[in-house]
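First the structure, in the form of structure tokens, and then the observations on it.
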Amino acid sequence: MDDRELRARMAPELPEGLLAHIDRVVEIADALARRHGLDVPRTRLAAQGHDLLRGLDDAEWLARAQARGWDIDPVEQAEPVLLHGPLGAEELCERFGVTDEQVLHAIRWHTPGHPDYTRESWAMFLADKVDPRKVERWPALAEVAERAEKSLEDAALAYLDLTLARAIEAGWQIHPMATLTRNALLRRR
């Protein structure tokens, strides 16, 4: 399945605003993949599927994770939106036949990132973070977008640093995988 076929199948289930966000992310991911010589179809497919279940609410994310028998991290319990990636990856596999483990891994961890991300995964991750609508709401993301032109991992580290500073200032919890990811990126620097 390619990203266009997945979009056609997903579209009836998604609110218009969310579908527009996904379309922008696919475009940005495509551009980043081409710029960095990556697997464009794989990057586009991950971008297309990343927010399949983003339109649900906290109760639904928690109910679906519990129905699967998952151990829900305390941070995810407090912020159930963090479950939309892992749940979306499962649903993409089960309902839409997406079986590429690299694509599913990218989607599963697209909110906090993952230390074992491929370059294609980083392109999708960053495309989601630098959607122009998000940059409008948080202008500091413009620097992340600029860095992504030169280095995906450098840009991802800049994004994680920004979100860490914001979380500390606001008193928010930090997803454990975001911390592991940031530390891995620092070690590779």
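Ligands are numbered from 1 in the order shown, chains are lettered A, B, ... in the order of the structure tokens, and residues start at 1 in each chain.
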I'd like the contact shell of Pro139 of chain A - 10 Å cut-off, only C-alpha atoms, skipping same-chain residues fewer than 6 positions apart - returned as a PyMOL selection string. chain A and resi 130+132-133
Closest atom pairs, residues of segment 4-81 of chain A within 8 Å of segment 86-96 of chain A, only C-alpha atoms, as CSV:
residue,atom,partner,partner_atom,distance
A:Leu6,CA,A:Phe96,CA,7.5
A:Arg9,CA,A:Phe96,CA,8.0
A:Gly49,CA,A:Leu92,CA,7.2
A:His50,CA,A:Gly88,CA,7.1
A:Asp51,CA,A:Gly88,CA,6.9
A:Leu52,CA,A:Gly88,CA,5.6
A:Leu53,CA,A:Gly88,CA,5.4
A:Trp61,CA,A:Leu87,CA,7.7
A:Arg64,CA,A:Leu87,CA,7.6
A:Ala65,CA,A:Leu87,CA,7.1
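When only C-alpha atoms are used to compute distances to Val135 of chain A, the closest of the residues A:Thr43, A:Tyr159, A:Asp23, A:Ser121 turns out to be A:Tyr159.
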Residues near Pro115 of chain A, cut-off 9 Å, only C-alpha atoms, skip fewer than 5 positions along chain, as a list of chain:residue names: A:Met177, A:Ala178, A:Leu180, A:Thr181, A:Arg182, A:Asn183, A:Ala184, A:Leu185
Segment 2-161 of chain A: residues DSSP assigns to alpha helix (DSSP H), reported as a ChimeraX atom specification: /A:3-10,16-35,40-49,58-67,74-78,84-96,101-108,119-129,132-137,141-150,152-161
Compile the contact shell of segment 24-26 of chain A as a list of chain:residue names: residues with an atom at most 7 Å away, counting only C-alpha atoms, same-chain residues fewer than 6 positions apart removed. A:Arg44, A:Ala47, A:Gln48, A:Ala127, A:Asp128, A:Asp131
Write a file of the selected residues as a PDB file, in the first residue's frame, keeping C-alpha atoms.
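So result.pdb came out as:
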ATOM      1  CA  ARG A  44       5.520   9.306   3.003  1.00  0.00           C
ATOM      2  CA  ALA A  47       3.745  10.495   7.540  1.00  0.00           C
ATOM      3  CA  GLN A  48       0.374   9.527   6.094  1.00  0.00           C
ATOM      4  CA  ALA A 127       7.697  16.968   9.457  1.00  0.00           C
ATOM      5  CA  ASP A 128       5.014  16.535  12.105  1.00  0.00           C
ATOM      6  CA  ASP A 131       3.911  21.780  10.290  1.00  0.00           C
TER       7      ASP A 131
END
Which residue, A:Glu27, A:Leu38, A:Asp73, A:His84, has the smallest gap to Asp58 of chain A when you use only C-alpha atoms? A:His84
